[in-house]
>>> print(open('model.tsv').read())   # TSV, C-alpha atoms and all ligand atoms
chain	number	residue	atom	x	y	z
A	1	MET	CA	-12.24	28.41	-59.26
A	2	ALA	CA	-15.29	30.02	-60.89
A	3	ASN	CA	-17.49	31.91	-58.49
A	4	PRO	CA	-17.10	29.56	-55.54
A	5	TYR	CA	-19.34	29.65	-52.53
A	6	ARG	CA	-17.30	30.83	-49.59
A	7	ILE	CA	-17.67	29.10	-46.22
A	8	LEU	CA	-16.11	30.53	-43.08
A	9	THR	CA	-15.42	28.00	-40.30
A	10	LEU	CA	-15.16	29.57	-36.84
A	11	ASN	CA	-14.24	26.30	-35.11
A	12	LYS	CA	-12.75	22.98	-36.12
A	13	ILE	CA	-15.46	21.11	-38.03
A	14	SER	CA	-15.11	17.39	-38.82
A	15	ALA	CA	-13.32	16.76	-42.13
A	16	GLN	CA	-15.89	14.05	-42.94
A	17	GLY	CA	-18.51	16.76	-43.08
A	18	LEU	CA	-16.41	19.41	-44.82
A	19	LYS	CA	-15.48	17.06	-47.65
A	20	ARG	CA	-19.16	17.09	-48.69
A	21	PHE	CA	-18.56	20.61	-50.03
A	22	PRO	CA	-17.46	19.99	-53.67
A	23	ALA	CA	-13.98	21.49	-54.03
A	24	GLU	CA	-14.78	22.92	-57.48
A	25	SER	CA	-17.54	25.16	-56.17
A	26	TYR	CA	-16.73	25.76	-52.50
A	27	GLN	CA	-13.90	27.57	-50.78
A	28	VAL	CA	-13.89	26.52	-47.10
A	29	ALA	CA	-11.48	28.08	-44.60
A	30	SER	CA	-11.16	29.76	-41.24
A	31	ASP	CA	-10.17	33.04	-42.88
A	32	VAL	CA	-12.31	33.57	-46.00
A	33	ASP	CA	-13.49	37.09	-46.82
A	34	LEU	CA	-17.11	37.82	-47.70
A	35	PRO	CA	-18.42	34.41	-46.68
A	36	ASP	CA	-21.75	33.09	-47.98
A	37	ALA	CA	-22.18	30.97	-44.88
A	38	ILE	CA	-20.60	30.52	-41.46
A	39	LEU	CA	-20.08	27.16	-39.72
A	40	VAL	CA	-19.62	27.38	-35.98
A	41	ARG	CA	-19.37	25.03	-33.04
A	42	SER	CA	-18.73	26.69	-29.67
A	43	GLN	CA	-17.50	30.17	-30.56
A	44	VAL	CA	-19.74	32.84	-29.08
A	45	MET	CA	-20.93	35.06	-31.95
A	46	HIS	CA	-23.03	37.63	-30.09
A	47	ASP	CA	-20.50	40.47	-30.41
A	48	MET	CA	-19.28	39.50	-33.86
A	49	GLU	CA	-19.83	41.70	-36.90
A	50	ILE	CA	-21.66	39.39	-39.34
A	51	PRO	CA	-20.69	40.43	-42.90
A	52	ALA	CA	-23.50	41.47	-45.26
A	53	SER	CA	-22.47	38.64	-47.61
A	54	VAL	CA	-23.64	35.97	-45.12
A	55	LYS	CA	-26.78	34.10	-46.20
A	56	ALA	CA	-26.81	31.30	-43.62
A	57	ILE	CA	-25.22	30.27	-40.33
A	58	ALA	CA	-25.00	26.68	-39.16
A	59	ARG	CA	-24.14	25.40	-35.69
A	60	ALA	CA	-22.56	21.93	-35.67
A	61	GLY	CA	-24.38	21.02	-32.46
A	62	ALA	CA	-27.86	21.12	-30.98
A	63	GLY	CA	-27.92	24.36	-28.95
A	64	THR	CA	-27.82	27.73	-30.72
A	65	ASN	CA	-27.37	30.00	-27.69
A	66	ASN	CA	-23.90	31.10	-28.90
A	67	VAL	CA	-25.46	32.51	-32.10
A	68	PRO	CA	-27.51	35.75	-32.21
A	69	VAL	CA	-30.52	33.93	-33.65
A	70	ALA	CA	-33.07	36.75	-33.24
A	71	LYS	CA	-30.72	39.31	-34.83
A	72	MET	CA	-30.06	36.96	-37.74
A	73	SER	CA	-33.78	36.24	-38.21
A	74	ALA	CA	-34.38	39.99	-38.42
A	75	ARG	CA	-31.86	40.06	-41.28
A	76	GLY	CA	-33.50	37.05	-42.95
A	77	ILE	CA	-30.52	34.80	-42.23
A	78	PRO	CA	-31.48	31.25	-41.19
A	79	VAL	CA	-29.55	29.58	-38.37
A	80	PHE	CA	-29.34	25.83	-38.86
A	81	ASN	CA	-28.41	23.35	-36.15
A	82	ALA	CA	-27.70	19.64	-35.92
A	83	ALA	CA	-30.65	18.59	-33.78
A	84	GLY	CA	-30.31	14.99	-32.65
A	85	ALA	CA	-27.01	14.37	-34.47
A	86	ASN	CA	-25.01	14.14	-31.25
A	87	ALA	CA	-27.76	12.72	-29.03
A	88	ASN	CA	-26.16	9.30	-28.64
A	89	ALA	CA	-22.84	10.79	-27.54
A	90	VAL	CA	-24.48	13.01	-24.93
A	91	LYS	CA	-26.68	10.16	-23.74
A	92	GLU	CA	-23.67	7.88	-23.18
A	93	LEU	CA	-21.92	10.55	-21.11
A	94	VAL	CA	-25.04	11.21	-19.04
A	95	ILE	CA	-25.24	7.51	-18.16
A	96	ALA	CA	-21.52	7.60	-17.31
A	97	GLY	CA	-22.21	10.67	-15.15
A	98	MET	CA	-24.88	8.82	-13.19
A	99	LEU	CA	-22.47	5.94	-12.61
A	100	LEU	CA	-19.61	8.27	-11.63
A	101	SER	CA	-21.79	9.73	-8.93
A	102	ALA	CA	-23.53	6.51	-7.84
A	103	ARG	CA	-20.24	4.62	-7.43
A	104	ASN	CA	-18.10	7.49	-6.07
A	105	ILE	CA	-15.63	6.95	-8.88
A	106	VAL	CA	-13.92	10.35	-8.77
A	107	PRO	CA	-12.94	10.28	-5.07
A	108	ALA	CA	-12.04	6.59	-5.44
A	109	LEU	CA	-9.64	7.43	-8.29
A	110	GLN	CA	-8.13	10.22	-6.20
A	111	PHE	CA	-7.69	7.79	-3.31
A	112	VAL	CA	-5.92	5.24	-5.52
A	113	ALA	CA	-3.68	7.92	-7.05
A	114	GLY	CA	-2.51	8.85	-3.53
A	115	LEU	CA	-1.57	5.31	-2.46
A	116	ALA	CA	2.11	4.72	-1.77
A	117	GLY	CA	4.24	2.02	-0.17
A	118	ASP	CA	5.02	-1.65	-0.68
A	119	ASP	CA	2.35	-4.16	-1.75
A	120	ALA	CA	1.40	-5.08	1.80
A	121	THR	CA	1.02	-1.43	2.83
A	122	VAL	CA	-1.06	-0.60	-0.24
A	123	HIS	CA	-3.23	-3.69	0.35
A	124	LYS	CA	-3.90	-2.58	3.92
A	125	LEU	CA	-4.66	1.01	2.86
A	126	VAL	CA	-7.09	-0.29	0.21
A	127	GLU	CA	-8.87	-2.58	2.66
A	128	ASP	CA	-9.26	0.30	5.15
A	129	GLY	CA	-10.10	2.93	2.57
A	130	LYS	CA	-12.55	1.24	0.20
A	131	LYS	CA	-15.41	1.33	2.71
A	132	HIS	CA	-15.62	5.09	2.14
A	133	PHE	CA	-16.52	4.55	-1.51
A	134	ALA	CA	-19.38	2.05	-1.26
A	135	GLY	CA	-22.01	3.29	-3.71
A	136	ILE	CA	-25.57	2.75	-4.80
A	137	GLU	CA	-26.99	0.90	-7.82
A	138	LEU	CA	-29.04	2.49	-10.57
A	139	ARG	CA	-31.44	-0.45	-10.95
A	140	GLY	CA	-34.72	0.29	-9.22
A	141	ARG	CA	-33.91	3.99	-8.74
A	142	THR	CA	-35.97	6.70	-10.39
A	143	LEU	CA	-34.54	8.99	-13.05
A	144	GLY	CA	-36.35	12.24	-13.81
A	145	VAL	CA	-35.72	13.61	-17.30
A	146	ILE	CA	-36.52	17.29	-17.83
A	147	GLY	CA	-36.77	17.92	-21.57
A	148	LEU	CA	-37.82	15.06	-23.82
A	149	GLY	CA	-36.15	16.01	-27.08
A	150	ALA	CA	-33.78	13.66	-28.92
A	151	ILE	CA	-31.27	13.48	-26.04
A	152	GLY	CA	-33.80	13.25	-23.21
A	153	ARG	CA	-35.67	10.42	-24.94
A	154	GLN	CA	-32.47	8.45	-25.56
A	155	VAL	CA	-31.40	8.88	-21.93
A	156	ALA	CA	-34.86	7.69	-20.83
A	157	ASP	CA	-34.66	4.55	-23.02
A	158	THR	CA	-31.19	3.61	-21.79
A	159	ALA	CA	-32.15	4.19	-18.16
A	160	LEU	CA	-35.14	1.86	-18.64
A	161	ALA	CA	-32.77	-0.76	-20.08
A	162	LEU	CA	-30.67	-0.43	-16.91
A	163	GLY	CA	-33.72	-1.28	-14.82
A	164	MET	CA	-34.41	2.26	-13.65
A	165	ARG	CA	-37.86	3.78	-13.30
A	166	VAL	CA	-38.16	6.86	-15.49
A	167	GLN	CA	-40.37	9.89	-15.32
A	168	GLY	CA	-40.25	12.77	-17.76
A	169	TYR	CA	-41.41	16.35	-17.99
A	170	ASP	CA	-41.68	18.43	-21.14
A	171	PRO	CA	-44.60	20.76	-21.77
A	172	GLU	CA	-43.23	21.46	-25.27
A	173	ILE	CA	-42.75	17.90	-26.48
A	174	THR	CA	-43.27	17.52	-30.22
A	175	VAL	CA	-45.92	15.17	-31.61
A	176	GLU	CA	-43.13	13.01	-33.08
A	177	GLY	CA	-41.35	13.07	-29.71
A	178	ALA	CA	-44.49	12.01	-27.87
A	179	TRP	CA	-45.01	9.09	-30.29
A	180	SER	CA	-41.45	7.85	-29.94
A	181	LEU	CA	-41.36	8.12	-26.14
A	182	SER	CA	-41.52	4.77	-24.37
A	183	SER	CA	-44.86	4.13	-22.69
A	184	GLN	CA	-42.85	3.14	-19.61
A	185	VAL	CA	-41.87	6.77	-19.08
A	186	LYS	CA	-44.29	8.23	-16.54
A	187	LYS	CA	-45.31	11.80	-17.39
A	188	ALA	CA	-44.86	14.20	-14.50
A	189	GLN	CA	-47.37	17.07	-14.38
A	190	SER	CA	-44.83	19.59	-13.12
A	191	ILE	CA	-41.10	19.97	-12.54
A	192	GLU	CA	-41.75	19.95	-8.79
A	193	GLU	CA	-43.57	16.62	-8.99
A	194	LEU	CA	-40.67	15.14	-10.97
A	195	LEU	CA	-38.07	16.52	-8.53
A	196	ARG	CA	-39.90	15.17	-5.47
A	197	HIS	CA	-39.82	11.58	-6.74
A	198	SER	CA	-36.47	11.29	-8.57
A	199	ASP	CA	-33.20	9.83	-7.26
A	200	PHE	CA	-31.41	11.27	-10.29
A	201	VAL	CA	-32.55	14.30	-12.30
A	202	THR	CA	-31.10	15.07	-15.73
A	203	LEU	CA	-31.65	18.30	-17.69
A	204	HIS	CA	-32.06	18.31	-21.47
A	205	VAL	CA	-33.48	21.73	-22.28
A	206	PRO	CA	-32.00	24.51	-24.41
A	207	LEU	CA	-30.77	27.71	-22.76
A	208	LEU	CA	-33.56	30.27	-23.26
A	209	ASP	CA	-34.83	33.15	-21.11
A	210	ALA	CA	-37.44	30.72	-19.80
A	211	THR	CA	-34.86	28.08	-18.78
A	212	ARG	CA	-32.12	30.33	-17.36
A	213	GLY	CA	-31.94	29.47	-13.65
A	214	LEU	CA	-34.63	26.78	-14.09
A	215	ILE	CA	-33.14	24.84	-11.17
A	216	ASP	CA	-33.05	27.54	-8.52
A	217	ALA	CA	-32.92	27.38	-4.72
A	218	SER	CA	-36.58	26.44	-4.33
A	219	ARG	CA	-36.28	23.64	-6.88
A	220	VAL	CA	-33.09	22.32	-5.28
A	221	LYS	CA	-35.07	22.17	-2.02
A	222	ALA	CA	-37.90	20.38	-3.86
A	223	MET	CA	-35.50	17.60	-4.92
A	224	LYS	CA	-35.70	14.28	-3.11
A	225	SER	CA	-33.25	14.03	-0.22
A	226	GLY	CA	-30.04	12.26	-1.28
A	227	SER	CA	-30.65	12.76	-5.01
A	228	VAL	CA	-28.19	13.65	-7.78
A	229	LEU	CA	-28.57	16.44	-10.33
A	230	LEU	CA	-27.01	16.07	-13.79
A	231	ASN	CA	-26.58	19.03	-16.12
A	232	PHE	CA	-25.34	18.23	-19.61
A	233	SER	CA	-27.30	21.11	-21.16
A	234	ARG	CA	-26.00	24.57	-20.30
A	235	ASP	CA	-24.36	25.89	-17.12
A	236	ALA	CA	-26.78	28.82	-16.68
A	237	ILE	CA	-29.80	26.50	-16.40
A	238	VAL	CA	-28.72	25.68	-12.84
A	239	ASP	CA	-28.08	28.10	-9.98
A	240	SER	CA	-24.66	26.88	-8.76
A	241	ASP	CA	-24.97	28.61	-5.36
A	242	ALA	CA	-28.24	26.80	-4.72
A	243	VAL	CA	-26.62	23.47	-5.63
A	244	LEU	CA	-23.66	24.24	-3.37
A	245	ALA	CA	-26.03	24.94	-0.46
A	246	GLY	CA	-27.90	21.70	-1.21
A	247	LEU	CA	-24.63	19.76	-1.14
A	248	HIS	CA	-23.42	21.39	2.07
A	249	GLU	CA	-26.74	20.61	3.77
A	250	LYS	CA	-26.35	17.00	2.56
A	251	HIS	CA	-29.74	17.40	0.88
A	252	LEU	CA	-28.12	16.52	-2.46
A	253	ARG	CA	-25.85	13.53	-2.91
A	254	GLY	CA	-24.14	14.95	-5.94
A	255	TYR	CA	-24.02	17.28	-8.92
A	256	VAL	CA	-22.55	16.16	-12.24
A	257	CYS	CA	-22.16	18.84	-14.87
A	258	ASP	CA	-20.50	19.17	-18.23
A	259	PHE	CA	-18.94	22.56	-17.47
A	260	PRO	CA	-16.12	23.82	-15.29
A	261	SER	CA	-17.55	25.85	-12.38
A	262	GLN	CA	-15.65	28.28	-10.14
A	263	THR	CA	-18.31	27.86	-7.46
A	264	LEU	CA	-18.43	24.08	-7.46
A	265	GLN	CA	-14.97	22.94	-8.53
A	266	GLY	CA	-13.44	20.55	-5.99
A	267	GLN	CA	-16.54	20.38	-3.75
A	268	ALA	CA	-17.42	16.95	-2.34
A	269	GLY	CA	-20.01	15.21	-4.52
A	270	VAL	CA	-19.34	17.40	-7.55
A	271	VAL	CA	-18.08	16.11	-10.89
A	272	THR	CA	-17.32	18.75	-13.51
A	273	LEU	CA	-16.33	17.99	-17.10
A	274	PRO	CA	-15.05	20.34	-19.83
A	275	HIS	CA	-18.20	20.20	-22.04
A	276	LEU	CA	-17.45	16.76	-23.45
A	277	GLY	CA	-21.02	15.58	-24.07
A	278	ALA	CA	-20.87	15.86	-27.85
A	279	SER	CA	-17.13	15.30	-28.16
A	280	THR	CA	-16.91	11.95	-29.91
A	281	GLU	CA	-15.61	11.23	-33.39
A	282	GLU	CA	-19.03	9.96	-34.37
A	283	ALA	CA	-21.02	12.92	-33.05
A	284	GLU	CA	-18.64	15.47	-34.54
A	285	GLU	CA	-18.95	13.76	-37.90
A	286	ASN	CA	-22.76	13.43	-37.67
A	287	CYS	CA	-23.16	17.09	-36.76
A	288	ALA	CA	-20.81	18.27	-39.50
A	289	VAL	CA	-22.52	16.13	-42.15
A	290	MET	CA	-25.94	17.41	-41.12
A	291	VAL	CA	-25.05	21.10	-41.18
A	292	VAL	CA	-22.97	20.91	-44.36
A	293	ASP	CA	-25.94	19.31	-46.15
A	294	GLN	CA	-28.27	21.98	-44.75
A	295	VAL	CA	-25.97	24.79	-45.88
A	296	ARG	CA	-25.51	23.29	-49.35
A	297	ASP	CA	-29.26	22.83	-49.78
A	298	TYR	CA	-29.86	26.40	-48.74
A	299	LEU	CA	-27.14	28.02	-50.83
A	300	GLU	CA	-27.73	25.90	-53.92
A	301	HIS	CA	-31.53	25.46	-53.79
A	302	GLY	CA	-32.74	28.05	-51.30
A	303	ASN	CA	-34.29	25.55	-48.90
B	401	LIG	C1	-24.64	20.99	-28.38
B	401	LIG	O1	-25.27	22.04	-28.27
B	401	LIG	O2	-25.07	20.04	-29.05
B	401	LIG	C2	-23.26	20.87	-27.79
B	401	LIG	O3	-22.96	22.01	-27.05
B	401	LIG	C3	-22.30	20.62	-28.91
B	401	LIG	C4	-20.84	20.89	-28.70
B	401	LIG	O4	-20.23	20.49	-27.72
B	401	LIG	O5	-20.26	21.49	-29.60
>>> encode(input="model.tsv", output="structure tokens")
Amino acid sequence: MANPYRILTLNKISAQGLKRFPAESYQVASDVDLPDAILVRSQVMHDMEIPASVKAIARAGAGTNNVPVAKMSARGIPVFNAAGANANAVKELVIAGMLLSARNIVPALQFVAGLAGDDATVHKLVEDGKKHFAGIELRGRTLGVIGLGAIGRQVADTALALGMRVQGYDPEITVEGAWSLSSQVKKAQSIEELLRHSDFVTLHVPLLDATRGLIDASRVKAMKSGSVLLNFSRDAIVDSDAVLAGLHEKHLRGYVCDFPSQTLQGQAGVVTLPHLGASTEEAEENCAVMVVDQVRDYLEHGN
């Protein structure tokens, strides 16, 4: 192989994406020396020694908080991401999360798993038990979307299709984002205004200094009584202790998040998932294709 580009993969990256690296000019592996580029998904790179040979880093996902972006910029190393490539997958799981909470699916599954006895006994237990799981419908309820990037906008559109009212907040919305946002999405002037009027609140902001702890105790208190918070962004955006207090006071109906949480695990009203938002075959392929093309363009053409 004459002078191949070397690509180091720190996580499993979809084969559909990796096969876009021509085999005659690229060596791609999880153990290459002196890589020209690094492909990463979830591995945290902040304490990693980045070899001098590296010219580009690409994250096969939207968020880049696991990559030392500022340090790399100072070295002139671009950090690419796959903005929007997994938005549909995350959106679908957010809608599922709303339904899980609205219909009490998790405790209902636990109840069914614990049923024992003959058919007549089980029938009686079901008839007595199901009243504890009566839920609410999404239609007619208000969803507040904080962050109107690719994911937030898709969640808003699907919620509208389900008959929900939708309000959104994003002081940093792009011009393109503003154009593609449905006119049925009411713009809230502040996070507090959105929280006061929403039955469900979903977060779609990156983890930055400005968003760490964005939903703190005062904002949990500002939420509408009986509302549900959904966090499919990053764990640190929400103060878990504040959410726990809100749940214990019955101020919040539920919290659905895409991260395991020591504080919240097993608490009534809480659903925690192992960061599955972008974990679909399609999203993994879309992200890999996008970042492989970005890396190739950069290495081969410098843009
Ligand atoms: C993202 O930032 O898009 C997700 O964290 C992707 C992932 O799960 O790898």
>>> residues_around(input="model.tsv", residues="stretch 48-64 of chain A", least_positions_apart="6", cutoff="9 Å", atoms="only C-alpha atoms", output="PyMOL selection string")
chain A and resi 13+33-42+72+76-87+206-207+233-234+278+283-284+286-292+294-295+298-299
>>> closest_residue(input="model.tsv", among="A:Asp170, A:Glu300, A:Glu285, A:Asp293", to="ligand LIG 401 (chain B)", atoms="only C-alpha atoms and all ligand atoms")
A:Glu285
>>> atom_distance(input="model.tsv", atom1="atom CA of A:Phe133", atom2="atom CA of A:His248")
18.5 Å
>>> residues_near_point(input="model.tsv", point="(-28.6, 15.0, -1.3)", cutoff="10 Å", atoms="only C-alpha atoms", output="number ranges by chain")
A: 199, 220-221, 223-229, 243, 246-255, 269
>>> closest_atom_pairs(input="model.tsv", of="stretch 149-203 of chain A", to="stretch 95-115 of chain A", cutoff="12 Å", atoms="only C-alpha atoms", output="tab-separated table")
residue	atom	partner	partner_atom	distance
A:Ile151	CA	A:Ile95	CA	11.6
A:Gly152	CA	A:Ile95	CA	11.5
A:Gln154	CA	A:Ile95	CA	10.4
A:Val155	CA	A:Ile95	CA	7.4
A:Ala156	CA	A:Ile95	CA	10.0
A:Asp157	CA	A:Ile95	CA	11.0
A:Thr158	CA	A:Ile95	CA	8.0
A:Ala159	CA	A:Ile95	CA	7.7
A:Leu160	CA	A:Ile95	CA	11.4
A:Ala161	CA	A:Ile95	CA	11.3
A:Leu162	CA	A:Ile95	CA	9.7
A:Met164	CA	A:Ile95	CA	11.5
A:Asp199	CA	A:Ala102	CA	10.2
A:Phe200	CA	A:Met98	CA	7.6
A:Val201	CA	A:Met98	CA	9.5
A:Thr202	CA	A:Met98	CA	9.2
>>> residues_near_point(input="model.tsv", point="(-36.0, 25.5, -12.2)", cutoff="10 Å", atoms="only C-alpha atoms", output="VMD selection string")
chain A and resid 146 191 to 192 195 210 to 220 222 237 to 239
>>> write_last_selection(input="model.tsv", atoms="C-alpha atoms", output="short mmCIF file (atom, residue, chain, number, x, y, z; two decimals), in the coordinates of the input")
data_model
loop_
_atom_site.label_atom_id
_atom_site.label_comp_id
_atom_site.auth_asym_id
_atom_site.auth_seq_id
_atom_site.Cartn_x
_atom_site.Cartn_y
_atom_site.Cartn_z
CA ILE A 146 -36.52 17.29 -17.83
CA ILE A 191 -41.10 19.97 -12.54
CA GLU A 192 -41.75 19.95 -8.79
CA LEU A 195 -38.07 16.52 -8.53
CA ALA A 210 -37.44 30.72 -19.80
CA THR A 211 -34.86 28.08 -18.78
CA ARG A 212 -32.12 30.33 -17.36
CA GLY A 213 -31.94 29.47 -13.65
CA LEU A 214 -34.63 26.78 -14.09
CA ILE A 215 -33.14 24.84 -11.17
CA ASP A 216 -33.05 27.54 -8.52
CA ALA A 217 -32.92 27.38 -4.72
CA SER A 218 -36.58 26.44 -4.33
CA ARG A 219 -36.28 23.64 -6.88
CA VAL A 220 -33.09 22.32 -5.28
CA ALA A 222 -37.90 20.38 -3.86
CA ILE A 237 -29.80 26.50 -16.40
CA VAL A 238 -28.72 25.68 -12.84
CA ASP A 239 -28.08 28.10 -9.98
#
>>> residues_around(input="model.tsv", residues="A:Thr272", least_positions_apart="6", cutoff="7 Å", atoms="all atoms listed in the file", output="PyMOL selection string")
chain A and resi 256-260+265
>>> atom_distance(input="model.tsv", atom1="atom CA of A:Lys186", atom2="atom CA of A:Arg165")
8.5 Å
>>> build_atoms(input="model.tsv", residues="stretch 72-86 of chain A", atoms="N, CA and C atoms", output="PDB file, in the frame of the given file")
ATOM      1  N   MET A  72     -30.211  37.533 -36.400  1.00  0.00           N
ATOM      2  CA  MET A  72     -30.060  36.960 -37.740  1.00  0.00           C
ATOM      3  C   MET A  72     -31.426  36.813 -38.408  1.00  0.00           C
ATOM      4  N   SER A  73     -32.426  36.376 -37.641  1.00  0.00           N
ATOM      5  CA  SER A  73     -33.780  36.240 -38.210  1.00  0.00           C
ATOM      6  C   SER A  73     -34.243  37.587 -38.748  1.00  0.00           C
ATOM      7  N   ALA A  74     -33.957  38.654 -37.976  1.00  0.00           N
ATOM      8  CA  ALA A  74     -34.380  39.990 -38.420  1.00  0.00           C
ATOM      9  C   ALA A  74     -33.713  40.359 -39.740  1.00  0.00           C
ATOM     10  N   ARG A  75     -32.547  39.795 -39.998  1.00  0.00           N
ATOM     11  CA  ARG A  75     -31.860  40.060 -41.280  1.00  0.00           C
ATOM     12  C   ARG A  75     -32.216  39.014 -42.337  1.00  0.00           C
ATOM     13  N   GLY A  76     -33.092  38.090 -41.986  1.00  0.00           N
ATOM     14  CA  GLY A  76     -33.500  37.050 -42.950  1.00  0.00           C
ATOM     15  C   GLY A  76     -32.465  35.962 -43.122  1.00  0.00           C
ATOM     16  N   ILE A  77     -31.585  35.817 -42.135  1.00  0.00           N
ATOM     17  CA  ILE A  77     -30.520  34.800 -42.230  1.00  0.00           C
ATOM     18  C   ILE A  77     -30.914  33.594 -41.379  1.00  0.00           C
ATOM     19  N   PRO A  78     -31.115  32.425 -41.995  1.00  0.00           N
ATOM     20  CA  PRO A  78     -31.480  31.250 -41.190  1.00  0.00           C
ATOM     21  C   PRO A  78     -30.287  30.742 -40.388  1.00  0.00           C
ATOM     22  N   VAL A  79     -30.588  30.225 -39.194  1.00  0.00           N
ATOM     23  CA  VAL A  79     -29.550  29.580 -38.370  1.00  0.00           C
ATOM     24  C   VAL A  79     -29.920  28.101 -38.267  1.00  0.00           C
ATOM     25  N   PHE A  80     -29.102  27.274 -38.889  1.00  0.00           N
ATOM     26  CA  PHE A  80     -29.340  25.830 -38.860  1.00  0.00           C
ATOM     27  C   PHE A  80     -28.626  25.228 -37.645  1.00  0.00           C
ATOM     28  N   ASN A  81     -29.130  24.089 -37.189  1.00  0.00           N
ATOM     29  CA  ASN A  81     -28.410  23.350 -36.150  1.00  0.00           C
ATOM     30  C   ASN A  81     -28.469  21.867 -36.472  1.00  0.00           C
ATOM     31  N   ALA A  82     -27.770  21.078 -35.648  1.00  0.00           N
ATOM     32  CA  ALA A  82     -27.700  19.640 -35.920  1.00  0.00           C
ATOM     33  C   ALA A  82     -28.496  18.887 -34.854  1.00  0.00           C
ATOM     34  N   ALA A  83     -29.798  19.174 -34.821  1.00  0.00           N
ATOM     35  CA  ALA A  83     -30.650  18.590 -33.780  1.00  0.00           C
ATOM     36  C   ALA A  83     -30.605  17.063 -33.842  1.00  0.00           C
ATOM     37  N   GLY A  84     -30.290  16.455 -32.745  1.00  0.00           N
ATOM     38  CA  GLY A  84     -30.310  14.990 -32.650  1.00  0.00           C
ATOM     39  C   GLY A  84     -29.029  14.307 -33.119  1.00  0.00           C
ATOM     40  N   ALA A  85     -28.173  15.037 -33.852  1.00  0.00           N
ATOM     41  CA  ALA A  85     -27.010  14.370 -34.470  1.00  0.00           C
ATOM     42  C   ALA A  85     -25.966  13.927 -33.440  1.00  0.00           C
ATOM     43  N   ASN A  86     -25.978  14.563 -32.263  1.00  0.00           N
ATOM     44  CA  ASN A  86     -25.010  14.140 -31.250  1.00  0.00           C
ATOM     45  C   ASN A  86     -25.697  13.520 -30.025  1.00  0.00           C
TER      46      ASN A  86
END
